[in-house]
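What follows is a set of notes on a single structure, which appears directly below.
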Amino acid sequence: MPAEPCPSTTDFAALVARMVRRHLGAQCAVTRQTRLSGGASQESWAIEVRGPGVVEKLVLRRVPAVVERRREVKRPAGSANEARLMQIMKPRGVPVPTVRWILDAQDGLGEGFVMDWMDGETIGRKIVRDAAYARARENLAFDCGAALARIHLTPRDELPALRETHPQEYLDGTFREYERQGHRRPVFEMAFQWLRQHIGRLDPALCLVHGDFRTGNYILGQDGLRGVLDWEIAHIGHPMEDLGWFCIGSWRFGQVDLPAGGVGSREALFAGYESAGGRVDAQAVRFWQVMGSLTWGLDCVEFAREFQRGDRTVERAAIGRRASENEIDLLRLLNPREPR
Amino acid sequence: MHPPPSRLELLEIVAEFLRKDLLPKLEGATAFHTLVAANVLDIVRRELALTPDAEAAERQRLERLLDTTGPLETLNDALCLAIREGRIGPDTPGLWDHLWATTLDTLAVDQPGYAAYRLEAARTINPQEGSA
């Protein structure tokens, strides 16, 4: 994703400098500050800090005050919870960047936290395609499965308070969002009908779910999976939600025959999941893959609506036209034209 | 009547200018947004070229499925409600063919480079040869 230089908001730069001094010492100064794009509802900044005998690379993640997303189902957990979850995951064997501190009122930067910079690749297209990552991809689907199982097996009493979304509420809320958007699509209607017919078969047990675990939201190094990112919509939900979301067509970045995030087979993903103590329900993964393509389709429409409400960037305007890729992915799931 | 070049040719040359002349001189977010802007012009060009025929065919299929006539949007809404209420469903003859044809036509405008589209479109044109 492209980086852009810090905008000329000197207030913001001054606040970041003050925060760094508060947390790392009076002699520390910010020597570089670069906006990392890619976050749909959060900003990330790469920050280089120098002090006496210290050079640190950090990432500041914050929620810009202006963003008001009208979402019913995918509600954010809050920055403090996001940071707390990453701290809980690390000793459980889920690779994550180290959280350094959580922003407080005195920082004056709103909601957010600071973590260590982690080297590696996050751009989906490069992760699935670049020859340089061929070795790193070998066990990637397996390792992603294992990381997901470790997330899902976290005891509930170790977790901060998170929203709990039962599959039926997830489906009902998603349908209400679709209705509010006001643009009817027959393929989405077929998907809703299919989901209504199959929801009764889901195992009722819920657990911690990452909510946005996909290629593009983890850091890949030459050695493989390094850090799971973007915990902002983590919640208590159905465990197979994460596996289905990981497999939707949009996150394969062109590697259409590698269902596990464009980097591996379903079998490898499932084997990794079971190796770490999880139990796969392949029918339920399919359910959540249908749900995932449907909700990503609605997300694309929602981004386009934000453009119409005044977030006037060409990127926002264009993304509405990505809704239709989900229609073909849904048809491939609901009415496949070849035996597989 | 406007003399040539046509609006399609005009859109094409502007997109080409953005990609080939402007883009190499830019970097960062501006370069990225310029590429997106060129892609948007391509979408509009394909929509102008392809949509009239695609929508005529879509309307014909809808009239057959619903056994009624009307504007495209009304027919499409009627199909959506019929699916929701279970009057039309997976076993209705012609439904899947309609959904596939409409979806492929939409992707041909929005995102002809999407891998699943390329695979399925090749299968439609040349069904005996299987996957691309």
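So you can find residues: chains in the structure tokens are A, B, ... in the order shown, residues in each start at 1, and ligands are numbered from 1 in order.
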Within 10 Å of chain A, which residues belong to chain B? Use only C-alpha atoms and report them as a ChimeraX atom specification. /B:27-37,39-40,43,73,76-86,88-90,95-100,102-104,106-107,109-117,119-120,123-124,130-131
Leaving out Leu41 of chain B and any residue of its chain fewer than 5 positions from it, which residues lie within 8 Å of it when counting only C-alpha atoms, given as a ChimeraX atom specification? /B:11-12,14-15
Given only C-alpha atoms as the basis, pick out the residue of B:Arg7, B:Thr74, B:Ala121, B:Leu48 nearest to Leu62 of chain B.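 Looking only at the distances to Leu62 of chain B, the closest residue turns out to be B:Thr74.
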Out of A:Val73, A:Leu171, A:Ala132, A:Leu85, which residue has the shortest atom-to-atom distance to Glu232 of chain A when counting only C-alpha atoms?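 Closest candidate: A:Leu85.
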Please, which residues of segment 41-182 of chain A, numbered as in this document, come out alpha helix (DSSP H) from DSSP, as a PyMOL selection string? chain A and resi 79-89+124-129+134-137+140-152+167-181
Can you spit out the residues from that selection as a short mmCIF file (atom, residue, chain, number, x, y, z; two decimals), in the first residue's frame, using N, CA and C atoms?
data_model
loop_
_atom_site.label_atom_id
_atom_site.label_comp_id
_atom_site.auth_asym_id
_atom_site.auth_seq_id
_atom_site.Cartn_x
_atom_site.Cartn_y
_atom_site.Cartn_z
N SER A 79 -10.07 0.43 20.57
CA SER A 79 -8.61 0.30 20.50
C SER A 79 -8.01 -0.36 21.73
N ALA A 80 -8.54 -0.02 22.91
CA ALA A 80 -7.97 -0.60 24.13
C ALA A 80 -8.15 -2.11 24.13
N ASN A 81 -9.33 -2.57 23.72
CA ASN A 81 -9.57 -4.01 23.63
C ASN A 81 -8.68 -4.66 22.57
N GLU A 82 -8.50 -3.95 21.46
CA GLU A 82 -7.67 -4.47 20.38
C GLU A 82 -6.24 -4.71 20.90
N ALA A 83 -5.71 -3.71 21.59
CA ALA A 83 -4.35 -3.82 22.14
C ALA A 83 -4.29 -4.92 23.21
N ARG A 84 -5.30 -4.96 24.05
CA ARG A 84 -5.35 -5.95 25.13
C ARG A 84 -5.36 -7.37 24.55
N LEU A 85 -6.13 -7.57 23.48
CA LEU A 85 -6.20 -8.90 22.86
C LEU A 85 -4.83 -9.31 22.32
N MET A 86 -4.14 -8.36 21.70
CA MET A 86 -2.81 -8.69 21.17
C MET A 86 -1.87 -9.10 22.31
N GLN A 87 -2.00 -8.42 23.46
CA GLN A 87 -1.16 -8.78 24.61
C GLN A 87 -1.51 -10.17 25.13
N ILE A 88 -2.79 -10.52 25.08
CA ILE A 88 -3.22 -11.84 25.55
C ILE A 88 -2.77 -12.93 24.58
N MET A 89 -2.75 -12.61 23.28
CA MET A 89 -2.44 -13.62 22.26
C MET A 89 -0.97 -14.03 22.25
N GLY A 124 -1.51 -8.06 -0.14
CA GLY A 124 -2.02 -9.36 -0.55
C GLY A 124 -1.46 -9.87 -1.87
N ARG A 125 -1.49 -9.01 -2.88
CA ARG A 125 -1.03 -9.39 -4.20
C ARG A 125 0.42 -9.89 -4.19
N LYS A 126 1.26 -9.24 -3.40
CA LYS A 126 2.67 -9.66 -3.33
C LYS A 126 2.80 -10.95 -2.54
N ILE A 127 2.03 -11.06 -1.47
CA ILE A 127 2.11 -12.26 -0.64
C ILE A 127 1.75 -13.51 -1.45
N VAL A 128 0.70 -13.43 -2.27
CA VAL A 128 0.26 -14.64 -2.98
C VAL A 128 1.09 -14.91 -4.24
N ARG A 129 1.82 -13.92 -4.73
CA ARG A 129 2.41 -14.05 -6.06
C ARG A 129 3.94 -13.98 -6.10
N ALA A 134 8.03 -17.49 -2.10
CA ALA A 134 7.64 -18.88 -2.41
C ALA A 134 7.89 -19.80 -1.22
N ARG A 135 9.06 -19.67 -0.61
CA ARG A 135 9.38 -20.49 0.57
C ARG A 135 8.45 -20.16 1.73
N ALA A 136 8.25 -18.86 1.95
CA ALA A 136 7.42 -18.41 3.08
C ALA A 136 5.99 -18.91 2.94
N ARG A 137 5.53 -19.13 1.69
CA ARG A 137 4.15 -19.57 1.46
C ARG A 137 3.94 -21.06 1.74
N LEU A 140 2.26 -21.63 4.98
CA LEU A 140 1.50 -20.47 5.46
C LEU A 140 0.05 -20.81 5.80
N ALA A 141 -0.62 -21.56 4.92
CA ALA A 141 -2.03 -21.89 5.19
C ALA A 141 -2.14 -22.73 6.46
N PHE A 142 -1.23 -23.67 6.63
CA PHE A 142 -1.19 -24.50 7.84
C PHE A 142 -0.98 -23.62 9.08
N ASP A 143 -0.02 -22.71 9.00
CA ASP A 143 0.29 -21.85 10.15
C ASP A 143 -0.86 -20.90 10.47
N CYS A 144 -1.55 -20.43 9.43
CA CYS A 144 -2.72 -19.57 9.67
C CYS A 144 -3.81 -20.37 10.37
N GLY A 145 -4.00 -21.62 9.96
CA GLY A 145 -4.97 -22.48 10.63
C GLY A 145 -4.61 -22.67 12.10
N ALA A 146 -3.34 -22.92 12.38
CA ALA A 146 -2.91 -23.13 13.77
C ALA A 146 -3.13 -21.85 14.59
N ALA A 147 -2.80 -20.69 14.00
CA ALA A 147 -3.00 -19.42 14.73
C ALA A 147 -4.48 -19.22 15.05
N LEU A 148 -5.33 -19.55 14.09
CA LEU A 148 -6.78 -19.38 14.32
C LEU A 148 -7.26 -20.28 15.45
N ALA A 149 -6.79 -21.53 15.47
CA ALA A 149 -7.22 -22.44 16.54
C ALA A 149 -6.79 -21.88 17.90
N ARG A 150 -5.58 -21.35 17.97
CA ARG A 150 -5.09 -20.80 19.26
C ARG A 150 -5.94 -19.61 19.69
N ILE A 151 -6.33 -18.79 18.73
CA ILE A 151 -7.22 -17.67 19.05
C ILE A 151 -8.54 -18.21 19.61
N HIS A 152 -9.10 -19.18 18.90
CA HIS A 152 -10.43 -19.67 19.27
C HIS A 152 -10.44 -20.41 20.60
N PRO A 167 -24.80 -16.43 15.47
CA PRO A 167 -24.99 -16.51 14.02
C PRO A 167 -26.33 -15.95 13.55
N GLN A 168 -27.41 -16.22 14.29
CA GLN A 168 -28.71 -15.72 13.87
C GLN A 168 -28.76 -14.18 13.89
N GLU A 169 -28.15 -13.58 14.94
CA GLU A 169 -28.10 -12.11 15.00
C GLU A 169 -27.23 -11.58 13.86
N TYR A 170 -26.15 -12.29 13.57
CA TYR A 170 -25.25 -11.90 12.49
C TYR A 170 -26.02 -11.85 11.17
N LEU A 171 -26.79 -12.92 10.93
CA LEU A 171 -27.56 -13.00 9.68
C LEU A 171 -28.66 -11.93 9.64
N ASP A 172 -29.40 -11.79 10.74
CA ASP A 172 -30.49 -10.81 10.77
C ASP A 172 -29.94 -9.39 10.60
N GLY A 173 -28.85 -9.08 11.30
CA GLY A 173 -28.25 -7.74 11.20
C GLY A 173 -27.74 -7.46 9.80
N THR A 174 -27.15 -8.50 9.18
CA THR A 174 -26.64 -8.33 7.82
C THR A 174 -27.79 -8.05 6.85
N PHE A 175 -28.90 -8.74 7.05
CA PHE A 175 -30.06 -8.51 6.18
C PHE A 175 -30.61 -7.09 6.37
N ARG A 176 -30.64 -6.62 7.61
CA ARG A 176 -31.11 -5.24 7.85
C ARG A 176 -30.18 -4.23 7.17
N GLU A 177 -28.87 -4.49 7.20
CA GLU A 177 -27.94 -3.58 6.51
C GLU A 177 -28.21 -3.56 5.01
N TYR A 178 -28.44 -4.74 4.46
CA TYR A 178 -28.76 -4.87 3.03
C TYR A 178 -30.03 -4.08 2.70
N GLU A 179 -31.03 -4.21 3.54
CA GLU A 179 -32.29 -3.49 3.32
C GLU A 179 -32.08 -1.99 3.38
N ARG A 180 -31.26 -1.54 4.34
CA ARG A 180 -31.00 -0.10 4.47
C ARG A 180 -30.27 0.44 3.24
N GLN A 181 -29.42 -0.37 2.64
CA GLN A 181 -28.68 0.10 1.46
C GLN A 181 -29.62 0.38 0.30
#
Tell me, in Å to one decimal, how far atom CA of Val55 of chain A is from atom CA of Gly221 of chain A. 21.8 Å
Expected answer as a PDB file with C-alpha atoms, in the first residue's frame: strand (DSSP E or B) residues in segment 200-244 of chain A:
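Below is the file that was written, selection_35.pdb:
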ATOM      1  CA  CYS A 207     -15.602 -18.366  21.226  1.00  0.00           C
ATOM      2  CA  LEU A 208     -13.197 -15.492  20.588  1.00  0.00           C
ATOM      3  CA  VAL A 209     -13.178 -14.765  16.850  1.00  0.00           C
ATOM      4  CA  TYR A 218      -1.012 -10.412   8.539  1.00  0.00           C
ATOM      5  CA  ILE A 219       2.695  -9.741   8.170  1.00  0.00           C
ATOM      6  CA  LEU A 220       4.615 -12.287   6.131  1.00  0.00           C
ATOM      7  CA  GLY A 221       8.379 -12.583   6.525  1.00  0.00           C
ATOM      8  CA  GLY A 224       6.585 -17.312   7.161  1.00  0.00           C
ATOM      9  CA  LEU A 225       3.742 -15.932   9.291  1.00  0.00           C
ATOM     10  CA  ARG A 226       5.112 -13.210  11.574  1.00  0.00           C
ATOM     11  CA  GLY A 227       2.255 -11.131  12.915  1.00  0.00           C
ATOM     12  CA  VAL A 228      -1.531 -11.216  12.926  1.00  0.00           C
ATOM     13  CA  HIS A 235     -15.757 -10.481  19.038  1.00  0.00           C
ATOM     14  CA  ILE A 236     -17.383 -13.545  20.533  1.00  0.00           C
ATOM     15  CA  GLY A 237     -18.825 -15.484  17.634  1.00  0.00           C
TER      16      GLY A 237
END
I want to know what sits within 7 Å of Phe213 of chain A, based on only C-alpha atoms, with residues of the same chain fewer than 4 positions away left out; could you give that as a PDB file with N, CA and C atoms, in the first residue's frame?
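New file out-v7.pdb:
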ATOM      1  N   ASN A 217      -4.025  -8.898   6.074  1.00  0.00           N
ATOM      2  CA  ASN A 217      -4.100  -8.476   7.467  1.00  0.00           C
ATOM      3  C   ASN A 217      -3.120  -9.234   8.361  1.00  0.00           C
ATOM      4  N   ASP A 242     -14.157 -17.296  11.095  1.00  0.00           N
ATOM      5  CA  ASP A 242     -12.805 -16.891  10.691  1.00  0.00           C
ATOM      6  C   ASP A 242     -12.284 -17.737   9.526  1.00  0.00           C
ATOM      7  N   PHE A 246     -11.481 -16.283   5.727  1.00  0.00           N
ATOM      8  CA  PHE A 246     -10.130 -16.447   5.177  1.00  0.00           C
ATOM      9  C   PHE A 246     -10.182 -17.002   3.749  1.00  0.00           C
TER      10      PHE A 246
END
Please identify all polymer residues within 10 Å of Pro52 of chain A, counting only C-alpha atoms, omitting same-chain residues fewer than 5 positions from it, and present them as a ChimeraX atom specification. /A:25,27-29
Contact residues around Glu63 of chain B with only C-alpha atoms at 9 Å, ignoring same-chain residues under 6 positions, as a PyMOL selection string: chain B and resi 69-70+75
Emit the selected residues as a JSON list (two decimals), in the first residue's frame, including C-alpha atoms.
[["chain", "number", "residue", "atom", "x", "y", "z"],
["B", 69, "THR", "CA", -43.35, -6.80, -18.45],
["B", 70, "GLY", "CA", -42.09, -3.49, -17.07],
["B", 75, "LEU", "CA", -38.66, -6.46, -12.79]]
